[in-house]
file start.txt (compact mmCIF, C-alpha atoms and all ligand atoms)
# COMPACT_ATOMS: atom_id res chain seq x y z
CA MET T 1 17.54 -153.28 -103.78
CA ALA T 2 17.89 -154.53 -107.36
CA PRO T 3 20.42 -152.53 -109.37
CA MET T 4 17.80 -151.44 -111.90
CA GLU T 5 15.46 -150.25 -109.19
CA ALA T 6 18.30 -148.38 -107.51
CA GLN T 7 19.13 -146.62 -110.76
CA VAL T 8 15.58 -145.45 -111.28
CA LEU T 9 15.22 -144.23 -107.72
CA ILE T 10 18.42 -142.26 -107.66
CA ARG T 11 17.38 -140.26 -110.72
CA VAL T 12 14.09 -139.10 -109.27
CA VAL T 13 13.93 -135.36 -108.79
CA PRO T 14 11.69 -134.48 -105.86
CA SER T 15 8.66 -132.36 -106.51
CA TYR T 16 10.04 -129.44 -104.57
CA ALA T 17 13.02 -129.25 -106.89
CA ARG T 18 10.61 -128.61 -109.75
CA GLY T 19 8.99 -125.75 -107.88
CA LEU T 20 5.88 -127.64 -106.79
CA PRO T 21 4.46 -127.43 -103.26
CA ILE T 22 6.61 -129.11 -100.66
CA SER T 23 3.92 -131.02 -98.78
CA PRO T 24 3.48 -133.90 -98.39
CA PRO T 25 7.11 -134.70 -97.58
CA PRO T 26 8.96 -136.41 -100.41
CA PRO T 27 8.94 -140.21 -100.25
CA ARG T 28 12.06 -141.71 -98.69
CA PHE T 29 13.61 -142.88 -101.95
CA GLU T 30 13.53 -139.42 -103.48
CA LEU T 31 16.00 -138.24 -100.88
CA SER T 32 18.67 -140.39 -102.49
CA ALA T 33 19.27 -137.64 -105.05
CA LYS T 34 21.90 -135.18 -103.84
CA PRO T 35 20.13 -132.05 -102.65
CA LEU T 36 23.12 -129.73 -103.11
CA PHE T 37 22.84 -130.35 -106.78
CA ARG T 38 19.18 -129.41 -107.08
CA SER T 39 17.71 -126.00 -107.21
CA SER T 40 15.90 -124.58 -104.22
CA PRO T 41 12.28 -125.27 -103.36
CA LEU T 42 11.84 -121.51 -103.52
CA ARG T 43 12.60 -120.94 -107.14
CA SER T 44 11.47 -117.35 -107.17
CA THR T 45 14.31 -116.31 -104.89
CA ALA T 46 16.91 -118.95 -105.18
CA SER T 47 17.02 -120.97 -108.35
CA ARG T 48 18.30 -119.42 -111.57
CA PRO T 49 20.67 -116.58 -110.81
CA ALA T 50 20.43 -113.14 -112.20
CA ALA T 51 23.31 -112.22 -114.47
CA ALA T 52 26.45 -112.14 -112.35
CA SER T 53 26.77 -108.78 -110.71
CA THR T 54 29.82 -106.77 -111.62
CA GLU T 55 29.51 -104.38 -108.72
CA LYS T 56 31.77 -104.68 -105.70
CA PRO T 57 29.71 -105.97 -102.79
CA ARG T 58 29.41 -103.64 -99.87
CA ALA T 59 31.21 -104.99 -96.83
CA SER T 60 27.95 -105.80 -95.05
CA ALA T 61 26.01 -106.97 -98.11
CA ILE T 62 26.05 -110.63 -97.23
CA MET T 63 25.03 -109.99 -93.68
CA GLU T 64 21.91 -108.21 -94.91
CA ALA T 65 20.73 -110.70 -97.52
CA SER T 66 18.09 -113.17 -96.41
CA GLY T 67 18.23 -116.85 -97.22
CA PHE T 68 16.28 -120.09 -96.98
CA ASP T 69 16.78 -123.65 -95.97
CA SER T 70 15.73 -126.70 -97.95
CA GLU T 71 12.60 -127.00 -95.85
CA GLY T 72 11.44 -123.52 -96.84
CA ARG T 73 12.33 -121.69 -93.64
CA GLU T 74 13.53 -118.12 -94.09
CA PHE T 75 16.55 -116.63 -92.28
CA LYS T 76 16.80 -112.88 -92.11
CA ASN T 77 20.52 -113.03 -92.85
CA ALA T 78 23.55 -115.33 -92.97
CA GLU T 79 24.58 -114.39 -89.46
CA GLU T 80 21.31 -115.73 -88.08
CA MET T 81 21.70 -118.98 -90.03
CA TRP T 82 25.35 -119.54 -89.03
CA GLY T 83 24.50 -118.70 -85.43
CA GLU T 84 22.07 -121.63 -85.43
CA GLU T 85 24.16 -124.03 -87.49
CA ILE T 86 27.67 -123.60 -86.09
CA GLY T 87 26.98 -121.46 -83.05
CA LYS T 88 29.01 -118.60 -81.72
CA GLU T 89 32.78 -118.50 -81.93
CA GLY T 90 34.21 -121.09 -79.60
CA ASP T 91 31.22 -123.45 -79.81
CA VAL T 92 33.44 -126.30 -80.94
CA HIS T 93 30.77 -128.96 -80.48
CA LYS T 94 28.24 -127.39 -82.89
CA ARG T 95 30.85 -126.77 -85.55
CA LYS T 96 32.16 -130.33 -85.25
CA GLU T 97 28.60 -131.58 -85.64
CA TRP T 98 28.08 -129.51 -88.81
CA TYR T 99 31.14 -131.10 -90.43
CA ARG T 100 30.38 -134.56 -89.08
CA GLN T 101 26.94 -134.49 -90.66
CA GLY T 102 28.30 -133.16 -93.97
CA VAL T 103 30.84 -135.93 -94.35
CA GLY T 104 28.37 -138.41 -92.85
CA TYR T 105 25.95 -137.66 -95.67
CA TRP T 106 28.57 -138.53 -98.32
CA GLU T 107 29.69 -141.64 -96.46
CA GLY T 108 26.25 -143.05 -97.24
CA VAL T 109 26.49 -142.35 -100.97
CA GLU T 110 27.71 -144.87 -103.52
CA ALA T 111 31.09 -144.22 -105.13
CA THR T 112 29.82 -143.60 -108.67
CA ALA T 113 29.36 -140.54 -110.89
CA ASP T 114 25.62 -140.76 -110.23
CA GLY T 115 26.37 -140.80 -106.50
CA VAL T 116 28.62 -137.72 -106.41
CA LEU T 117 26.37 -135.90 -108.87
CA GLY T 118 23.15 -136.61 -106.99
CA GLY T 119 21.62 -138.77 -109.70
CA TYR T 120 22.75 -136.39 -112.45
CA ALA T 121 25.65 -138.36 -113.93
CA HIS T 122 24.37 -137.24 -117.33
CA VAL T 123 25.59 -133.66 -116.70
CA ASN T 124 29.17 -134.94 -116.60
CA ASP T 125 29.87 -134.24 -120.29
CA ALA T 126 28.52 -130.69 -120.28
CA ASP T 127 30.34 -129.98 -117.03
CA ILE T 128 33.68 -131.27 -118.29
CA LYS T 129 33.31 -129.46 -121.64
CA GLY T 130 32.62 -126.17 -119.86
CA SER T 131 35.54 -126.69 -117.47
CA GLU T 132 37.90 -127.64 -120.29
CA ALA T 133 37.14 -124.50 -122.27
CA PHE T 134 37.65 -122.39 -119.14
CA LEU T 135 40.90 -124.14 -118.20
CA LYS T 136 42.32 -123.86 -121.73
CA MET T 137 41.56 -120.16 -121.73
CA LEU T 138 43.32 -119.72 -118.38
CA LEU T 139 46.39 -121.70 -119.42
CA ALA T 140 46.60 -119.77 -122.67
CA GLU T 141 46.46 -116.47 -120.79
CA ARG T 142 48.95 -117.51 -118.12
CA PHE T 143 51.50 -119.26 -120.34
CA PRO T 144 52.54 -118.26 -123.86
CA ASP T 145 52.57 -121.93 -124.95
CA GLY T 146 49.26 -122.79 -123.23
CA GLY T 147 51.19 -124.74 -120.59
CA ARG T 148 52.45 -127.38 -123.02
CA GLY T 149 55.93 -128.61 -122.29
CA ARG T 150 55.77 -127.48 -118.67
CA SER T 151 55.47 -129.56 -115.54
CA LEU T 152 52.18 -128.31 -114.19
CA VAL T 153 50.72 -129.49 -110.89
CA ALA T 154 47.06 -129.31 -109.80
CA LEU T 155 45.11 -130.08 -106.63
CA ASP T 156 41.55 -131.42 -106.98
CA CYS T 157 39.67 -130.42 -103.79
CA GLY T 158 36.64 -132.37 -102.59
CA SER T 159 37.51 -134.68 -105.47
CA GLY T 160 34.90 -137.33 -104.72
CA ILE T 161 35.64 -140.34 -106.91
CA GLY T 162 38.16 -138.36 -108.99
CA ARG T 163 35.67 -137.51 -111.76
CA VAL T 164 37.20 -134.08 -112.51
CA THR T 165 40.78 -135.37 -112.33
CA LYS T 166 40.09 -138.37 -114.55
CA ASN T 167 38.09 -136.53 -117.21
CA LEU T 168 39.95 -133.23 -117.22
CA LEU T 169 42.89 -132.37 -114.97
CA ILE T 170 45.06 -135.41 -115.70
CA ARG T 171 45.13 -134.42 -119.39
CA PHE T 172 46.59 -130.97 -118.63
CA PHE T 173 48.72 -131.44 -115.53
CA THR T 174 51.82 -133.57 -115.10
CA GLU T 175 50.79 -134.28 -111.53
CA VAL T 176 47.43 -134.07 -109.81
CA ASP T 177 46.89 -134.43 -106.06
CA LEU T 178 43.42 -135.29 -104.75
CA LEU T 179 41.85 -134.21 -101.48
CA GLU T 180 38.68 -135.90 -100.27
CA PRO T 181 37.47 -136.58 -96.70
CA VAL T 182 35.32 -139.61 -97.59
CA SER T 183 37.62 -142.62 -97.73
CA HIS T 184 35.53 -144.86 -100.00
CA PHE T 185 35.38 -142.06 -102.61
CA LEU T 186 39.13 -141.55 -102.41
CA GLU T 187 39.74 -145.28 -102.76
CA ALA T 188 37.54 -145.37 -105.87
CA ALA T 189 39.54 -142.41 -107.23
CA ARG T 190 42.83 -144.15 -106.55
CA GLU T 191 41.65 -147.29 -108.35
CA SER T 192 40.31 -145.47 -111.38
CA LEU T 193 43.45 -143.36 -111.73
CA VAL T 194 45.91 -146.25 -111.87
CA PRO T 195 47.82 -145.60 -115.11
CA GLU T 196 46.73 -147.98 -117.86
CA SER T 197 49.71 -150.01 -119.00
CA GLY T 198 50.89 -149.26 -122.49
CA LEU T 199 49.66 -145.70 -122.46
CA ALA T 200 52.26 -143.12 -123.31
CA ILE T 201 50.75 -140.62 -120.91
CA GLU T 202 53.22 -139.54 -118.28
CA ASN T 203 50.77 -137.55 -116.20
CA LYS T 204 49.81 -139.09 -112.90
CA ALA T 205 47.74 -138.74 -109.76
CA THR T 206 50.41 -138.39 -107.09
CA ASN T 207 49.00 -137.76 -103.61
CA PHE T 208 45.64 -138.76 -102.15
CA PHE T 209 44.83 -136.72 -99.04
CA CYS T 210 41.96 -138.04 -96.95
CA VAL T 211 41.19 -134.82 -95.05
CA PRO T 212 38.54 -132.11 -95.21
CA LEU T 213 39.38 -128.69 -96.61
CA GLN T 214 39.03 -126.94 -93.26
CA GLU T 215 41.92 -129.05 -91.91
CA PHE T 216 44.19 -128.95 -94.94
CA THR T 217 47.34 -126.91 -95.51
CA PRO T 218 49.10 -127.47 -98.83
CA ASP T 219 52.85 -127.65 -99.33
CA VAL T 220 54.24 -124.22 -100.07
CA GLY T 221 54.46 -123.35 -103.77
CA ARG T 222 53.41 -126.76 -105.12
CA TYR T 223 50.39 -125.97 -107.31
CA ASP T 224 49.73 -124.13 -110.57
CA VAL T 225 46.00 -124.64 -110.15
CA ILE T 226 43.92 -125.51 -107.09
CA TRP T 227 40.57 -126.74 -108.42
CA ILE T 228 37.61 -126.62 -106.02
CA GLN T 229 34.36 -127.93 -107.46
CA TRP T 230 31.01 -128.57 -105.81
CA CYS T 231 32.37 -128.88 -102.28
CA ILE T 232 33.05 -125.39 -100.86
CA GLY T 233 29.40 -125.17 -99.72
CA HIS T 234 30.37 -127.51 -96.90
CA LEU T 235 32.61 -124.85 -95.34
CA ALA T 236 31.33 -122.22 -92.94
CA ASP T 237 32.32 -118.67 -93.92
CA ASP T 238 35.21 -118.35 -91.48
CA ASP T 239 36.63 -121.74 -92.50
CA PHE T 240 36.17 -120.77 -96.17
CA VAL T 241 38.30 -117.66 -95.56
CA SER T 242 40.98 -119.40 -93.53
CA PHE T 243 41.23 -122.24 -96.06
CA PHE T 244 41.92 -119.83 -98.93
CA MET T 245 44.34 -117.78 -96.82
CA ARG T 246 46.38 -120.93 -96.06
CA ALA T 247 46.03 -122.33 -99.58
CA LYS T 248 47.41 -119.16 -101.20
CA ALA T 249 50.84 -120.24 -99.97
CA GLY T 250 50.34 -123.51 -101.86
CA LEU T 251 50.20 -121.73 -105.22
CA LYS T 252 53.24 -121.23 -107.42
CA PRO T 253 53.86 -117.63 -108.46
CA GLY T 254 51.15 -116.87 -111.02
CA GLY T 255 49.06 -119.85 -109.85
CA LEU T 256 45.28 -119.74 -109.70
CA PHE T 257 42.34 -121.13 -107.79
CA VAL T 258 39.42 -122.33 -109.89
CA LEU T 259 36.18 -122.41 -107.95
CA LYS T 260 33.22 -124.02 -109.72
CA GLU T 261 30.00 -123.81 -107.76
CA ASN T 262 26.23 -123.68 -107.69
CA ILE T 263 24.94 -120.12 -107.40
CA ALA T 264 21.84 -118.95 -105.55
CA ARG T 265 19.91 -116.05 -107.06
CA SER T 266 20.31 -114.07 -103.86
CA GLY T 267 21.47 -114.61 -100.29
CA PHE T 268 21.93 -118.32 -99.66
CA VAL T 269 20.16 -121.68 -99.53
CA LEU T 270 20.98 -124.00 -96.65
CA ASP T 271 20.70 -127.71 -97.31
CA LYS T 272 19.58 -129.31 -94.06
CA GLU T 273 20.28 -132.81 -95.27
CA ASP T 274 23.96 -132.65 -96.12
CA ARG T 275 24.92 -129.49 -94.18
CA SER T 276 26.01 -127.32 -97.08
CA ILE T 277 25.06 -123.89 -98.32
CA THR T 278 24.65 -122.52 -101.81
CA ARG T 279 25.79 -118.90 -101.92
CA SER T 280 24.89 -116.10 -104.30
CA ASP T 281 27.44 -114.45 -106.59
CA THR T 282 27.44 -111.40 -104.29
CA TYR T 283 28.04 -113.60 -101.26
CA PHE T 284 31.00 -115.27 -102.98
CA LYS T 285 32.45 -111.90 -104.00
CA GLU T 286 32.32 -110.67 -100.43
CA LEU T 287 34.15 -113.80 -99.25
CA PHE T 288 36.79 -113.45 -102.02
CA HIS T 289 37.32 -109.90 -100.86
CA ARG T 290 37.83 -111.11 -97.29
CA CYS T 291 40.34 -113.70 -98.56
CA GLY T 292 42.31 -111.06 -100.46
CA LEU T 293 41.51 -112.79 -103.76
CA HIS T 294 40.78 -111.15 -107.09
CA ILE T 295 38.68 -112.50 -109.93
CA PHE T 296 41.00 -113.09 -112.88
CA LYS T 297 38.20 -114.50 -115.07
CA SER T 298 34.73 -115.89 -114.52
CA LYS T 299 32.27 -117.76 -116.71
CA ASP T 300 28.80 -119.25 -116.48
CA GLN T 301 28.46 -122.98 -117.09
CA ARG T 302 25.94 -123.55 -119.87
CA GLY T 303 23.89 -126.57 -120.85
CA LEU T 304 22.78 -127.91 -117.47
CA PRO T 305 19.16 -128.97 -116.86
CA GLU T 306 16.77 -126.14 -115.99
CA GLU T 307 15.79 -127.55 -112.61
CA LEU T 308 19.34 -127.32 -111.26
CA PHE T 309 21.05 -124.34 -109.73
CA ALA T 310 23.02 -122.29 -112.19
CA VAL T 311 26.75 -122.92 -112.00
CA LYS T 312 29.62 -120.48 -112.27
CA MET T 313 33.39 -120.81 -112.63
CA TYR T 314 35.70 -118.28 -110.99
CA ALA T 315 39.46 -118.11 -111.58
CA LEU T 316 40.94 -116.38 -108.55
CA THR T 317 44.35 -114.91 -107.96
CA PRO T 318 46.06 -113.47 -104.88
CA ASP T 319 47.73 -110.91 -107.19
CA ALA T 320 46.09 -107.54 -107.42
CA PRO T 321 45.08 -106.68 -110.97
CA LYS T 322 47.64 -104.54 -112.76
CA ARG T 323 46.55 -100.94 -113.00
CA VAL T 324 46.39 -99.73 -116.55
CA HIS T 325 48.01 -96.34 -116.63
CA ASN T 326 46.61 -94.19 -119.30
CA THR T 327 49.67 -92.00 -119.44
CA ARG T 328 48.38 -89.94 -122.34
CA ALA T 329 45.17 -89.11 -120.56
CA LYS T 330 47.08 -88.31 -117.38
CA ALA T 331 49.58 -86.07 -119.10
CA GLN T 332 47.05 -84.11 -121.06
CA PRO T 333 44.39 -82.65 -118.80
CA ASN T 334 44.49 -78.92 -118.24
CA ARG T 335 47.92 -78.56 -119.79
CA PRO T 336 48.28 -75.35 -121.63
CA GLY T 337 48.84 -76.10 -125.27
CA ILE T 338 52.21 -75.22 -126.67
CA ILE T 339 51.81 -72.64 -129.35
CA LYS T 340 54.43 -73.06 -131.96
C1 LIG N 1 28.89 -132.96 -105.04
S1 LIG N 1 30.30 -133.93 -104.58
C2 LIG N 1 31.45 -133.33 -105.81
C3 LIG N 1 32.64 -134.22 -106.03
C4 LIG N 1 33.60 -133.73 -107.12
N1 LIG N 1 34.13 -132.43 -106.84
C5 LIG N 1 32.93 -133.75 -108.47
O1 LIG N 1 32.64 -132.65 -109.00
O2 LIG N 1 32.72 -134.83 -109.00
C6 LIG N 1 30.84 -133.11 -103.07
C7 LIG N 1 32.13 -133.64 -102.50
O3 LIG N 1 32.54 -132.79 -101.41
C8 LIG N 1 33.10 -133.62 -100.41
N2 LIG N 1 33.13 -132.91 -99.11
C9 LIG N 1 32.18 -132.87 -98.14
N3 LIG N 1 32.60 -132.13 -97.10
C10 LIG N 1 33.85 -131.69 -97.42
C11 LIG N 1 34.83 -130.92 -96.73
N4 LIG N 1 34.59 -130.43 -95.53
N5 LIG N 1 36.02 -130.69 -97.36
C12 LIG N 1 36.25 -131.19 -98.59
N6 LIG N 1 35.37 -131.93 -99.28
C13 LIG N 1 34.19 -132.19 -98.70
C14 LIG N 1 32.19 -134.82 -100.43
O4 LIG N 1 32.74 -135.91 -99.74
C15 LIG N 1 32.00 -135.02 -101.92
O5 LIG N 1 33.01 -135.85 -102.44
call {"tool": "encode", "arguments": {"input": "start.txt", "output": "structure tokens"}}
result
Amino acid sequence: MAPMEAQVLIRVVPSYARGLPISPPPPRFELSAKPLFRSSPLRSTASRPAAASTEKPRASAIMEASGFDSEGREFKNAEEMWGEEIGKEGDVHKRKEWYRQGVGYWEGVEATADGVLGGYAHVNDADIKGSEAFLKMLLAERFPDGGRGRSLVALDCGSGIGRVTKNLLIRFFTEVDLLEPVSHFLEAARESLVPESGLAIENKATNFFCVPLQEFTPDVGRYDVIWIQWCIGHLADDDFVSFFMRAKAGLKPGGLFVLKENIARSGFVLDKEDRSITRSDTYFKELFHRCGLHIFKSKDQRGLPEELFAVKMYALTPDAPKRVHNTRAKAQPNRPGIIK
């Protein structure tokens, strides 16, 4: 395929992503755009999210919410969908197959920004700007000097070609480790992160882990920030929870997870092509609760094209929020006044 032709094809957004009828099936070339990155065929239920809910999800909320797959099939709840996709507990073969197909999808994608962003390389700037503002705010809140002058260490999970590290993390962290299960992406990251000679920047990409999240355990207490962007949808719920439970030990005291993800309006959207799911804000909150994580801050990503899923950033901490004691209010009620 000529390079020009390839470029044009990879940018095509299938008709179903624009909310048009699904049939006839999209031509072969349209499938080269990364489905995870597009909004659902069923826009009325799954595309733009409602404003993030502030309510605590009920324990069973996610089990009750219905969802869809990318072919328009409805599932009555997540349990039904996971039962089909990864089987019952102990069905090792089905689960293996889910992960094999997920990584297999990315093994067939070119190691470029357009490749990891499903033909949407042009959202890179808006994405990085949004992430930078969020990260600066977090560093300013966590450290009196905004983190300057400290040796900060980050982990970039599902790093792909190192786009987030190269454009953002390496400017704020003395060391960045990258984790990515697809070897040709990780190789591209390694090459692009070789320090340019003559630059006075001391920050560096240190470790390159070629493993999937569900098999990874970080070194204890190594990271100030564990950044997880556009990859957690590949993990089944139980692996999601056990990953975060293990990864908590990898944070330094006061360290944070940053999760940046596509958000479904309600329930979930299963992508049959790359074996990933897009979860709703409520779904995520229920999983955070199961992980024993608290939302320190969250923010919507602005400025992305309308046809894409909305995107949200969550900063998560294992530390319970400090209770604000209103001592005055506590001391006062029903106290008889002192008459002087
Ligand atoms: C949409 S790309 C995003 C890449 C990168 N985070 C970025 O924003 O540029 C999704 C990435 O998730 C990776 N991935 C797929 N399955 C994964 C898994 N089980 N664990 C970790 N990463 C996975 C893919 O190989 C791919 O690099």
call {"tool": "residues_near_ligand", "arguments": {"input": "start.txt", "ligand": "ligand LIG 1 (chain N)", "cutoff": "8 Å", "atoms": "only C-alpha atoms and all ligand atoms", "output": "ChimeraX atom specification"}}
result
/T:34,36-37,99,102-103,106-107,113,116-118,156-164,179-182,185,211-214,228-232,234-235
call {"tool": "atom_distance", "arguments": {"input": "start.txt", "atom1": "atom CA of T:Asp281", "atom2": "atom CA of T:Glu74"}}
result
19.1 Å
call {"tool": "residues_around", "arguments": {"input": "start.txt", "residues": "stretch 321-323 of chain T", "least_positions_apart": "5", "cutoff": "12 Å", "atoms": "all atoms listed in the file", "output": "VMD selection string"}}
result
chain T and resid 254 292 to 297 316
call {"tool": "write_last_selection", "arguments": {"input": "start.txt", "atoms": "C-alpha atoms", "output": "tab-separated table (two decimals), in the frame of the given file"}}
result
chain	number	residue	atom	x	y	z
T	254	GLY	CA	51.15	-116.87	-111.02
T	292	GLY	CA	42.31	-111.06	-100.46
T	293	LEU	CA	41.51	-112.79	-103.76
T	294	HIS	CA	40.78	-111.15	-107.09
T	295	ILE	CA	38.68	-112.50	-109.93
T	296	PHE	CA	41.00	-113.09	-112.88
T	297	LYS	CA	38.20	-114.50	-115.07
T	316	LEU	CA	40.94	-116.38	-108.55
call {"tool": "atom_distance", "arguments": {"input": "start.txt", "atom1": "atom CA of T:Val123", "atom2": "atom CA of T:Trp227"}}
result
18.5 Å
call {"tool": "closest_residue", "arguments": {"input": "start.txt", "among": "T:Ile226, T:Ile128, T:Ala111, T:Ala264", "to": "T:Arg279", "atoms": "all atoms listed in the file"}}
result
T:Ala264
call {"tool": "build_atoms", "arguments": {"input": "start.txt", "residues": "stretch 71-96 of chain T", "atoms": "N, CA and C atoms", "output": "PDB file, keeping the file's coordinate frame"}}
result
ATOM      1  N   GLU T  71      13.962-126.710 -96.295  1.00  0.00           N
ATOM      2  CA  GLU T  71      12.600-127.000 -95.850  1.00  0.00           C
ATOM      3  C   GLU T  71      11.703-125.770 -95.989  1.00  0.00           C
ATOM      4  N   GLY T  72      12.251-124.712 -96.561  1.00  0.00           N
ATOM      5  CA  GLY T  72      11.440-123.520 -96.840  1.00  0.00           C
ATOM      6  C   GLY T  72      11.465-122.468 -95.748  1.00  0.00           C
ATOM      7  N   ARG T  73      12.255-122.676 -94.717  1.00  0.00           N
ATOM      8  CA  ARG T  73      12.330-121.690 -93.640  1.00  0.00           C
ATOM      9  C   ARG T  73      13.196-120.496 -94.076  1.00  0.00           C
ATOM     10  N   GLU T  74      12.763-119.304 -93.718  1.00  0.00           N
ATOM     11  CA  GLU T  74      13.530-118.120 -94.090  1.00  0.00           C
ATOM     12  C   GLU T  74      14.417-117.658 -92.930  1.00  0.00           C
ATOM     13  N   PHE T  75      15.646-117.258 -93.259  1.00  0.00           N
ATOM     14  CA  PHE T  75      16.550-116.630 -92.280  1.00  0.00           C
ATOM     15  C   PHE T  75      16.710-115.171 -92.679  1.00  0.00           C
ATOM     16  N   LYS T  76      16.734-114.288 -91.699  1.00  0.00           N
ATOM     17  CA  LYS T  76      16.800-112.880 -92.110  1.00  0.00           C
ATOM     18  C   LYS T  76      18.186-112.514 -92.649  1.00  0.00           C
ATOM     19  N   ASN T  77      19.183-113.248 -92.265  1.00  0.00           N
ATOM     20  CA  ASN T  77      20.520-113.030 -92.850  1.00  0.00           C
ATOM     21  C   ASN T  77      21.416-114.240 -92.535  1.00  0.00           C
ATOM     22  N   ALA T  78      22.629-114.196 -93.124  1.00  0.00           N
ATOM     23  CA  ALA T  78      23.550-115.330 -92.970  1.00  0.00           C
ATOM     24  C   ALA T  78      23.998-115.479 -91.519  1.00  0.00           C
ATOM     25  N   GLU T  79      24.128-114.362 -90.847  1.00  0.00           N
ATOM     26  CA  GLU T  79      24.580-114.390 -89.460  1.00  0.00           C
ATOM     27  C   GLU T  79      23.616-115.220 -88.606  1.00  0.00           C
ATOM     28  N   GLU T  80      22.316-114.991 -88.842  1.00  0.00           N
ATOM     29  CA  GLU T  80      21.310-115.730 -88.080  1.00  0.00           C
ATOM     30  C   GLU T  80      21.444-117.239 -88.372  1.00  0.00           C
ATOM     31  N   MET T  81      21.603-117.571 -89.653  1.00  0.00           N
ATOM     32  CA  MET T  81      21.700-118.980 -90.030  1.00  0.00           C
ATOM     33  C   MET T  81      22.957-119.625 -89.425  1.00  0.00           C
ATOM     34  N   TRP T  82      24.114-118.956 -89.571  1.00  0.00           N
ATOM     35  CA  TRP T  82      25.350-119.540 -89.030  1.00  0.00           C
ATOM     36  C   TRP T  82      25.294-119.644 -87.502  1.00  0.00           C
ATOM     37  N   GLY T  83      24.646-118.660 -86.890  1.00  0.00           N
ATOM     38  CA  GLY T  83      24.500-118.700 -85.430  1.00  0.00           C
ATOM     39  C   GLY T  83      23.807-119.994 -85.008  1.00  0.00           C
ATOM     40  N   GLU T  84      22.801-120.400 -85.778  1.00  0.00           N
ATOM     41  CA  GLU T  84      22.070-121.630 -85.430  1.00  0.00           C
ATOM     42  C   GLU T  84      22.848-122.881 -85.824  1.00  0.00           C
ATOM     43  N   GLU T  85      23.525-122.815 -86.960  1.00  0.00           N
ATOM     44  CA  GLU T  85      24.160-124.030 -87.490  1.00  0.00           C
ATOM     45  C   GLU T  85      25.510-124.337 -86.835  1.00  0.00           C
ATOM     46  N   ILE T  86      26.346-123.302 -86.681  1.00  0.00           N
ATOM     47  CA  ILE T  86      27.670-123.600 -86.090  1.00  0.00           C
ATOM     48  C   ILE T  86      27.879-122.883 -84.765  1.00  0.00           C
ATOM     49  N   GLY T  87      26.898-122.107 -84.359  1.00  0.00           N
ATOM     50  CA  GLY T  87      26.980-121.460 -83.050  1.00  0.00           C
ATOM     51  C   GLY T  87      27.923-120.269 -83.043  1.00  0.00           C
ATOM     52  N   LYS T  88      28.103-119.750 -81.877  1.00  0.00           N
ATOM     53  CA  LYS T  88      29.010-118.600 -81.720  1.00  0.00           C
ATOM     54  C   LYS T  88      30.437-119.115 -81.746  1.00  0.00           C
ATOM     55  N   GLU T  89      31.354-118.165 -81.934  1.00  0.00           N
ATOM     56  CA  GLU T  89      32.780-118.500 -81.930  1.00  0.00           C
ATOM     57  C   GLU T  89      33.101-119.273 -80.646  1.00  0.00           C
ATOM     58  N   GLY T  90      33.834-120.331 -80.783  1.00  0.00           N
ATOM     59  CA  GLY T  90      34.210-121.090 -79.600  1.00  0.00           C
ATOM     60  C   GLY T  90      33.281-122.259 -79.309  1.00  0.00           C
ATOM     61  N   ASP T  91      32.134-122.323 -80.006  1.00  0.00           N
ATOM     62  CA  ASP T  91      31.220-123.450 -79.810  1.00  0.00           C
ATOM     63  C   ASP T  91      31.714-124.627 -80.674  1.00  0.00           C
ATOM     64  N   VAL T  92      32.750-125.275 -80.165  1.00  0.00           N
ATOM     65  CA  VAL T  92      33.440-126.300 -80.940  1.00  0.00           C
ATOM     66  C   VAL T  92      32.508-127.468 -81.258  1.00  0.00           C
ATOM     67  N   HIS T  93      31.620-127.788 -80.321  1.00  0.00           N
ATOM     68  CA  HIS T  93      30.770-128.960 -80.480  1.00  0.00           C
ATOM     69  C   HIS T  93      29.836-128.799 -81.680  1.00  0.00           C
ATOM     70  N   LYS T  94      29.190-127.635 -81.797  1.00  0.00           N
ATOM     71  CA  LYS T  94      28.240-127.390 -82.890  1.00  0.00           C
ATOM     72  C   LYS T  94      28.932-127.425 -84.246  1.00  0.00           C
ATOM     73  N   ARG T  95      30.086-126.809 -84.290  1.00  0.00           N
ATOM     74  CA  ARG T  95      30.850-126.770 -85.550  1.00  0.00           C
ATOM     75  C   ARG T  95      31.268-128.180 -85.968  1.00  0.00           C
ATOM     76  N   LYS T  96      31.751-128.943 -84.983  1.00  0.00           N
ATOM     77  CA  LYS T  96      32.160-130.330 -85.250  1.00  0.00           C
ATOM     78  C   LYS T  96      30.986-131.108 -85.825  1.00  0.00           C
TER      79      LYS T  96
END
